[in-house]
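Source file: input00.cif (mmCIF, C-alpha atoms)
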```cif
data_protein
#
loop_
_atom_site.label_atom_id
_atom_site.label_comp_id
_atom_site.auth_asym_id
_atom_site.auth_seq_id
_atom_site.Cartn_x
_atom_site.Cartn_y
_atom_site.Cartn_z
CA MET A 57 -1.50 -25.01 0.23
CA ALA A 58 2.18 -25.91 -0.10
CA ASP A 59 2.46 -24.50 -3.61
CA GLU A 60 0.67 -21.19 -3.05
CA LEU A 61 2.74 -18.05 -3.50
CA VAL A 62 0.61 -15.60 -1.50
CA HIS A 63 -0.64 -16.30 2.02
CA TYR A 64 -3.35 -14.61 4.06
CA ARG A 65 -4.04 -14.54 7.80
CA VAL A 66 -6.08 -12.36 10.15
CA ASP A 67 -5.11 -11.41 13.68
CA GLY A 68 -6.62 -8.67 15.84
CA GLY A 69 -8.22 -6.80 12.97
CA VAL A 70 -5.10 -6.91 10.80
CA GLY A 71 -5.16 -8.94 7.60
CA THR A 72 -1.63 -9.84 6.53
CA ILE A 73 -0.99 -10.76 2.90
CA THR A 74 2.44 -12.32 2.43
CA LEU A 75 4.29 -12.73 -0.85
CA ASP A 76 6.07 -16.09 -0.64
CA SER A 77 7.99 -16.72 -3.85
CA PRO A 78 11.60 -16.35 -2.73
CA HIS A 79 12.95 -18.56 -5.52
CA ASN A 80 12.39 -15.67 -7.98
CA ARG A 81 12.65 -12.81 -5.46
CA ASN A 82 8.87 -12.50 -5.21
CA ALA A 83 8.67 -11.45 -8.84
CA LEU A 84 5.21 -10.71 -10.20
CA SER A 85 4.64 -13.98 -12.01
CA ALA A 86 1.24 -14.89 -13.41
CA GLN A 87 0.54 -17.15 -10.42
CA LEU A 88 1.62 -14.54 -7.88
CA ARG A 89 -0.46 -11.82 -9.56
CA ARG A 90 -3.51 -14.09 -9.61
CA GLU A 91 -3.13 -15.09 -5.96
CA LEU A 92 -2.38 -11.55 -4.82
CA THR A 93 -5.59 -10.36 -6.48
CA THR A 94 -7.55 -13.13 -4.74
CA ARG A 95 -6.02 -12.39 -1.33
CA LEU A 96 -6.73 -8.69 -1.65
CA ASP A 97 -10.33 -9.48 -2.55
CA GLU A 98 -10.58 -11.69 0.56
CA ALA A 99 -9.14 -9.02 2.85
CA LEU A 100 -11.35 -6.29 1.44
CA ALA A 101 -14.47 -8.44 1.84
CA ASP A 102 -13.58 -9.70 5.33
CA PRO A 103 -15.45 -7.68 8.00
CA ALA A 104 -12.91 -8.82 10.59
CA VAL A 105 -10.13 -7.00 8.72
CA ARG A 106 -9.69 -3.31 9.50
CA VAL A 107 -6.12 -2.84 8.24
CA ILE A 108 -4.17 -4.73 5.56
CA VAL A 109 -0.42 -5.39 5.74
CA LEU A 110 1.50 -6.38 2.60
CA ASP A 111 4.44 -8.49 3.78
CA HIS A 112 6.94 -10.90 2.21
CA THR A 113 9.20 -13.85 2.89
CA GLY A 114 12.81 -14.09 1.73
CA THR A 115 15.37 -11.35 1.35
CA VAL A 116 13.57 -9.37 -1.38
CA PHE A 117 10.19 -7.65 -1.10
CA CYS A 118 9.44 -7.78 -4.83
CA ALA A 119 11.73 -7.74 -7.87
CA GLY A 120 9.05 -6.46 -10.25
CA MET A 121 7.58 -8.29 -13.23
CA ASP A 122 8.81 -11.82 -13.86
CA LEU A 123 11.03 -11.18 -16.89
CA LYS A 124 11.26 -14.88 -17.71
CA GLU A 125 7.52 -14.88 -18.31
CA ALA A 126 7.50 -11.46 -19.94
CA GLY A 127 9.63 -12.65 -22.86
CA GLY A 128 6.61 -13.64 -24.92
CA VAL A 129 4.41 -10.92 -26.36
CA ASP A 130 1.13 -12.46 -25.19
CA THR A 131 2.44 -13.24 -21.70
CA GLY A 132 3.97 -9.80 -21.34
CA ARG A 133 0.75 -8.12 -22.44
CA GLN A 134 -1.20 -10.18 -19.90
CA GLY A 135 1.07 -8.99 -17.09
CA VAL A 136 0.83 -5.37 -18.17
CA ASN A 137 -2.95 -5.63 -18.25
CA GLU A 138 -3.30 -7.39 -14.87
CA PHE A 139 -0.88 -5.30 -12.86
CA PRO A 140 -2.85 -2.02 -13.02
CA ALA A 141 -5.81 -3.83 -11.48
CA ILE A 142 -3.66 -4.86 -8.51
CA LEU A 143 -2.31 -1.34 -8.05
CA THR A 144 -5.88 -0.04 -8.22
CA GLN A 145 -7.00 -2.54 -5.55
CA LEU A 146 -4.31 -1.22 -3.22
CA TRP A 147 -4.75 2.48 -4.05
CA GLN A 148 -8.54 2.47 -3.81
CA SER A 149 -8.85 0.06 -0.89
CA PRO A 150 -11.29 1.53 1.67
CA LYS A 151 -9.14 -0.14 4.32
CA PRO A 152 -5.68 1.31 5.04
CA VAL A 153 -2.84 -0.72 3.54
CA VAL A 154 0.65 -0.86 5.06
CA ALA A 155 3.66 -2.12 3.08
CA LYS A 156 6.32 -3.88 5.16
CA LEU A 157 9.73 -4.29 3.52
CA ALA A 158 12.57 -6.27 5.03
CA GLY A 159 14.40 -6.21 1.70
CA PRO A 160 14.73 -4.55 -1.71
CA ALA A 161 12.02 -3.53 -4.16
CA ARG A 162 12.56 -3.00 -7.86
CA ALA A 163 10.43 -1.66 -10.71
CA GLY A 164 6.90 -3.06 -10.27
CA GLY A 165 7.71 -3.88 -6.66
CA VAL A 166 8.20 -0.17 -6.04
CA GLY A 167 4.80 0.39 -7.66
CA LEU A 168 3.25 -1.89 -5.03
CA VAL A 169 4.95 0.07 -2.25
CA ALA A 170 3.72 3.38 -3.65
CA ALA A 171 0.15 2.10 -3.98
CA CYS A 172 -0.04 1.40 -0.24
CA ASP A 173 -1.10 4.14 2.17
CA ILE A 174 1.86 3.68 4.48
CA ALA A 175 5.21 2.06 3.73
CA VAL A 176 7.86 1.04 6.27
CA ALA A 177 11.20 -0.53 5.37
CA ALA A 178 14.29 -1.81 7.08
CA ASP A 179 17.11 0.67 6.53
CA THR A 180 19.02 -2.05 4.68
CA ALA A 181 16.37 -2.20 1.92
CA THR A 182 17.16 -0.67 -1.45
CA PHE A 183 15.06 0.57 -4.37
CA ALA A 184 15.50 1.23 -8.08
CA PHE A 185 13.47 2.03 -11.17
CA THR A 186 15.47 -0.26 -13.44
CA GLU A 187 13.16 -0.15 -16.45
CA VAL A 188 15.23 2.20 -18.65
CA ARG A 189 18.27 -0.04 -18.23
CA ILE A 190 16.51 -2.86 -20.09
CA GLY A 191 15.01 -0.57 -22.69
CA VAL A 192 11.50 -0.16 -21.26
CA ILE A 193 9.89 2.60 -19.20
CA PRO A 194 8.25 2.79 -15.73
CA ALA A 195 4.93 3.74 -17.27
CA VAL A 196 2.35 1.72 -15.33
CA ILE A 197 3.93 2.21 -11.91
CA SER A 198 4.25 5.95 -12.53
CA VAL A 199 0.51 6.22 -11.78
CA THR A 200 1.09 5.33 -8.14
CA VAL A 201 4.73 6.39 -7.75
CA LEU A 202 4.66 9.95 -9.07
CA PRO A 203 2.08 11.21 -6.53
CA ARG A 204 4.49 10.08 -3.80
CA LEU A 205 7.85 11.32 -5.09
CA LEU A 206 9.29 14.79 -5.04
CA PRO A 207 9.35 15.92 -8.69
CA ARG A 208 13.11 16.51 -8.95
CA ALA A 209 13.82 13.11 -7.38
CA ALA A 210 11.36 11.43 -9.75
CA HIS A 211 13.20 12.78 -12.78
CA GLU A 212 16.55 11.68 -11.40
CA LEU A 213 15.56 8.20 -10.27
CA PHE A 214 13.34 7.31 -13.24
CA LEU A 215 15.94 8.44 -15.79
CA THR A 216 19.09 7.05 -14.20
CA GLY A 217 17.80 3.75 -12.81
CA GLU A 218 20.17 4.32 -9.89
CA THR A 219 19.82 2.19 -6.76
CA PHE A 220 18.94 4.21 -3.66
CA ASP A 221 18.61 3.25 -0.02
CA ALA A 222 15.67 3.32 2.37
CA ASN A 223 16.73 6.57 4.00
CA ARG A 224 16.69 8.31 0.60
CA ALA A 225 13.35 6.63 -0.18
CA ALA A 226 11.88 8.16 2.98
CA ALA A 227 13.40 11.56 2.21
CA VAL A 228 11.84 11.72 -1.28
CA GLY A 229 8.40 10.49 -0.14
CA LEU A 230 8.35 6.85 -1.18
CA LEU A 231 8.46 5.57 2.41
CA ASN A 232 6.94 6.80 5.65
CA ALA A 233 9.75 5.35 7.73
CA SER A 234 13.14 3.68 7.43
CA VAL A 235 14.08 1.80 10.59
CA PRO A 236 16.75 -0.67 11.75
CA ALA A 237 15.82 -4.20 10.70
CA ALA A 238 15.40 -5.25 14.32
CA GLY A 239 12.72 -2.59 14.78
CA LEU A 240 10.70 -3.27 11.62
CA ASP A 241 8.00 -5.40 13.26
CA ALA A 242 7.53 -2.91 16.08
CA GLU A 243 7.23 0.04 13.68
CA VAL A 244 4.64 -1.74 11.54
CA ASP A 245 2.73 -2.69 14.69
CA ARG A 246 2.85 0.96 15.78
CA TYR A 247 1.23 2.07 12.54
CA THR A 248 -1.39 -0.68 12.46
CA GLY A 249 -2.22 0.00 16.11
CA MET A 250 -2.91 3.66 15.31
CA LEU A 251 -4.95 2.79 12.22
CA LEU A 252 -7.13 0.37 14.19
CA LEU A 253 -8.24 3.28 16.39
CA GLY A 254 -9.89 5.03 13.44
CA GLY A 255 -13.54 4.51 12.54
CA PRO A 256 -13.77 2.26 9.47
CA ASN A 257 -16.18 4.55 7.62
CA ALA A 258 -14.12 7.60 8.55
CA LEU A 259 -10.91 5.95 7.32
CA ALA A 260 -12.52 4.98 4.01
CA ALA A 261 -13.93 8.48 3.52
CA THR A 262 -10.63 10.09 4.44
CA LYS A 263 -8.89 7.97 1.81
CA ARG A 264 -11.42 9.12 -0.79
CA MET A 265 -10.92 12.72 0.29
CA LEU A 266 -7.16 12.42 -0.02
CA ARG A 267 -7.51 11.06 -3.58
CA ALA A 268 -10.11 13.59 -4.74
CA HIS A 269 -9.39 16.63 -6.87
CA ARG A 270 -10.21 19.82 -4.96
CA PRO A 271 -12.20 22.63 -6.60
CA SER A 272 -10.00 25.62 -7.38
CA ASP A 273 -12.64 27.94 -5.90
CA LEU A 274 -12.23 28.16 -2.11
CA ASP A 275 -15.92 28.80 -1.41
CA THR A 276 -16.89 25.64 -3.29
CA ALA A 277 -14.17 23.60 -1.61
CA PHE A 278 -15.18 24.75 1.88
CA ALA A 279 -18.86 24.11 1.16
CA GLU A 280 -18.12 20.55 0.05
CA MET A 281 -15.92 19.86 3.08
CA LEU A 282 -18.43 21.38 5.52
CA ALA A 283 -21.15 19.11 4.14
CA LEU A 284 -18.85 16.09 4.36
CA SER A 285 -17.85 16.95 7.92
CA ALA A 286 -21.45 17.51 9.05
CA GLY A 287 -22.51 14.16 7.63
CA PHE A 288 -19.89 12.33 9.66
CA PHE A 289 -20.63 14.23 12.86
CA ALA A 290 -24.26 13.15 12.50
CA SER A 291 -23.48 9.55 11.53
CA ALA A 292 -23.79 6.60 13.90
CA GLU A 293 -20.03 6.11 13.78
CA GLY A 294 -19.38 9.77 14.53
CA GLN A 295 -21.81 9.79 17.45
CA GLU A 296 -20.26 6.62 18.86
CA GLY A 297 -16.81 8.18 18.66
CA ILE A 298 -17.93 11.37 20.39
CA GLN A 299 -19.67 9.42 23.16
CA ALA A 300 -16.64 7.16 23.62
CA PHE A 301 -14.40 10.22 23.96
CA ALA A 302 -16.72 11.77 26.56
CA GLN A 303 -16.97 8.50 28.49
CA LYS A 304 -13.20 7.91 28.34
CA ARG A 305 -13.52 4.52 26.66
CA ARG A 306 -12.50 3.05 23.35
CA PRO A 307 -15.06 3.22 20.50
CA SER A 308 -16.90 0.01 19.69
CA TRP A 309 -15.04 -0.42 16.38
CA VAL A 310 -11.61 -0.91 18.02
CA PRO A 311 -10.79 -4.66 17.94
CA ASP A 312 -10.06 -6.48 21.17
CA GLN A 313 -6.30 -6.85 21.53
#
```
Would you give me this structure, written as structure tokens?
Amino acid sequence: MADELVHYRVDGGVGTITLDSPHNRNALSAQLRRELTTRLDEALADPAVRVIVLDHTGTVFCAGMDLKEAGGVDTGRQGVNEFPAILTQLWQSPKPVVAKLAGPARAGGVGLVAACDIAVAADTATFAFTEVRIGVIPAVISVTVLPRLLPRAAHELFLTGETFDANRAAAVGLLNASVPAAGLDAEVDRYTGMLLLGGPNALAATKRMLRAHRPSDLDTAFAEMLALSAGFFASAEGQEGIQAFAQKRRPSWVPDQ
């Protein structure tokens, strides 16, 4: 559709969701939020999709909430209520999600980046938590951002609203990699290629494990992890992976390239 703001395509096991609202710097308008939710639902339900990439058109990845729409109390409340659901979709996705940034992210856009499992940006991209500078706070996005950032950096960047570059973003944990713009596609392909080699059930379970709170008692923690490990060794996916390794072939879950 010519007027859609979020596109979706599948190629070789990778489902790419592209924000395409350059006229407002891919701001999180009501239409974009609605379409992004729909596209994420499609990718999560699509058995052909093993990895999701969150991409964008234009020079800006995402400028955050659409402030022109947020002026009204009802409209602003709607955005605040919808956005956590999108962040939850990304954070809890059983399929790995890779953010690909060719340009800046601000406020809620940084929340999207943090909600993804892996984030790669061109070294020309910049970031900022600009909320305090307009008299609001980065409350909702803190749920996904704070687990990524070094604590001292979080205090500095949340409180000052200062703009920082992609190299700093990688150093403080927001990004996995900052690369020259010419190498962005290749770096994203490198990550998706590695993710496609993982068993889909194993990837989903590993994501759950990474999110879970660990028992403080070591004996309990080891017992839980031993049971989890044994279940996967005995599973059909685990047995297929072991046999593929022994036979020097790729497991059946790896898409044809």
inquiry  = Set the distance at 7 Å and use all atoms listed in the file: which residues neighbour Ala181 in chain A once local chain neighbours fewer than 6 positions away are removed? I'd like the list as number ranges by chain.
reply    = A: 158-160, 221-222
Do you have, as CSV, the list of residues of range 125-188 of chain A lying at most 12 Å from range 267-272 of chain A, each with its nearest atom pair and that distance in Å to one decimal, counting only C-alpha atoms and ordered by chain then number?
```
residue,atom,partner,partner_atom,distance
A:Trp147,CA,A:Arg267,CA,9.0
A:Gln148,CA,A:Arg267,CA,8.7
A:Ser149,CA,A:Arg267,CA,11.4
A:Pro150,CA,A:Arg267,CA,11.5
A:Ala171,CA,A:Arg267,CA,11.8
A:Asp173,CA,A:Arg267,CA,11.0
```
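CA of Ala258 in chain A lies 10.6 Å from CA of Leu284 in chain A.
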Output check: residues returned by the PyMOL selection byres ((chain A and resi 140-146) around 10), as a PyMOL selection string = chain A and resi 89-90+92-94+96-97+100+108+110+135-139+147-154+164+167-173+196-197+199-200
request  = Take the PyMOL selection byres ((chain A and resi 62) around 6), apply it to the structure above, and return the hits as a list in words.
outcome  =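 Applied to this file, the PyMOL selection byres ((chain A and resi 62) around 6) returns Glu60, Leu61, His63, Thr74, Leu75, Asp76 and Glu91 of chain A.
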task = Would you translate the PyMOL selection byres ((chain A and resi 232) around 8) into the concrete set of residues it matches in this file, as a list in words?
result =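 Taken on the displayed file, the PyMOL selection byres ((chain A and resi 232) around 8) yields the residues Ile174, Ala175, Val176, Ala226, Gly229, Leu230, Leu231, Ala233 and Ser234 of chain A.
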Do a neighbour search on Arg162 in chain A at 12 Å with all atoms listed in the file, toss out local chain neighbours closer than 2 positions, and write the hits as a PDB file with C-alpha atoms, keeping the file's coordinate frame.
```pdb
ATOM      1  CA  ARG A  81      12.650 -12.810  -5.460  1.00  0.00           C
ATOM      2  CA  ASN A  82       8.870 -12.500  -5.210  1.00  0.00           C
ATOM      3  CA  ALA A  83       8.670 -11.450  -8.840  1.00  0.00           C
ATOM      4  CA  LEU A  84       5.210 -10.710 -10.200  1.00  0.00           C
ATOM      5  CA  VAL A 116      13.570  -9.370  -1.380  1.00  0.00           C
ATOM      6  CA  PHE A 117      10.190  -7.650  -1.100  1.00  0.00           C
ATOM      7  CA  CYS A 118       9.440  -7.780  -4.830  1.00  0.00           C
ATOM      8  CA  ALA A 119      11.730  -7.740  -7.870  1.00  0.00           C
ATOM      9  CA  GLY A 120       9.050  -6.460 -10.250  1.00  0.00           C
ATOM     10  CA  MET A 121       7.580  -8.290 -13.230  1.00  0.00           C
ATOM     11  CA  ASP A 122       8.810 -11.820 -13.860  1.00  0.00           C
ATOM     12  CA  LEU A 157       9.730  -4.290   3.520  1.00  0.00           C
ATOM     13  CA  GLY A 159      14.400  -6.210   1.700  1.00  0.00           C
ATOM     14  CA  PRO A 160      14.730  -4.550  -1.710  1.00  0.00           C
ATOM     15  CA  GLY A 164       6.900  -3.060 -10.270  1.00  0.00           C
ATOM     16  CA  GLY A 165       7.710  -3.880  -6.660  1.00  0.00           C
ATOM     17  CA  VAL A 166       8.200  -0.170  -6.040  1.00  0.00           C
ATOM     18  CA  GLY A 167       4.800   0.390  -7.660  1.00  0.00           C
ATOM     19  CA  LEU A 168       3.250  -1.890  -5.030  1.00  0.00           C
ATOM     20  CA  VAL A 169       4.950   0.070  -2.250  1.00  0.00           C
ATOM     21  CA  ALA A 170       3.720   3.380  -3.650  1.00  0.00           C
ATOM     22  CA  ALA A 181      16.370  -2.200   1.920  1.00  0.00           C
ATOM     23  CA  THR A 182      17.160  -0.670  -1.450  1.00  0.00           C
ATOM     24  CA  PHE A 183      15.060   0.570  -4.370  1.00  0.00           C
ATOM     25  CA  ALA A 184      15.500   1.230  -8.080  1.00  0.00           C
ATOM     26  CA  PHE A 185      13.470   2.030 -11.170  1.00  0.00           C
ATOM     27  CA  THR A 186      15.470  -0.260 -13.440  1.00  0.00           C
ATOM     28  CA  GLU A 187      13.160  -0.150 -16.450  1.00  0.00           C
ATOM     29  CA  PRO A 194       8.250   2.790 -15.730  1.00  0.00           C
ATOM     30  CA  ILE A 197       3.930   2.210 -11.910  1.00  0.00           C
ATOM     31  CA  LEU A 213      15.560   8.200 -10.270  1.00  0.00           C
ATOM     32  CA  PHE A 214      13.340   7.310 -13.240  1.00  0.00           C
ATOM     33  CA  GLY A 217      17.800   3.750 -12.810  1.00  0.00           C
ATOM     34  CA  GLU A 218      20.170   4.320  -9.890  1.00  0.00           C
ATOM     35  CA  THR A 219      19.820   2.190  -6.760  1.00  0.00           C
ATOM     36  CA  PHE A 220      18.940   4.210  -3.660  1.00  0.00           C
ATOM     37  CA  ASP A 221      18.610   3.250  -0.020  1.00  0.00           C
TER      38      ASP A 221
END
```
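Taking all atoms listed in the file into account, Thr72 in chain A lies nearest to A:Val244 out of the set A:Val192, A:Val244, A:Leu88, A:Ala302.
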request  = Go through A:Leu206, A:Asn257, A:Lys304, A:Pro103 and flag the residue nearest Phe289 in chain A, using all atoms listed in the file for the distances.
outcome  = A:Asn257
key: Of the listed residues A:Phe301, A:Pro311, A:Ala104, A:Met281, that which approaches Thr262 in chain A most closely, counting all atoms listed in the file   =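 Of A:Phe301, A:Pro311, A:Ala104, A:Met281, the one nearest Thr262 in chain A is A:Met281, counting all atoms listed in the file.
In this structure, CA of Gly114 in chain A sits 27.9 Å away from CA of Ala101 in chain A.
For the pair CA of Ala99 in chain A and CA of Gly68 in chain A, the interatomic distance is 13.2 Å.
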Nearest candidate to Arg224 in chain A (options A:Ala237, A:Thr180, A:Leu253, A:Lys263; using all atoms listed in the file) = A:Thr180
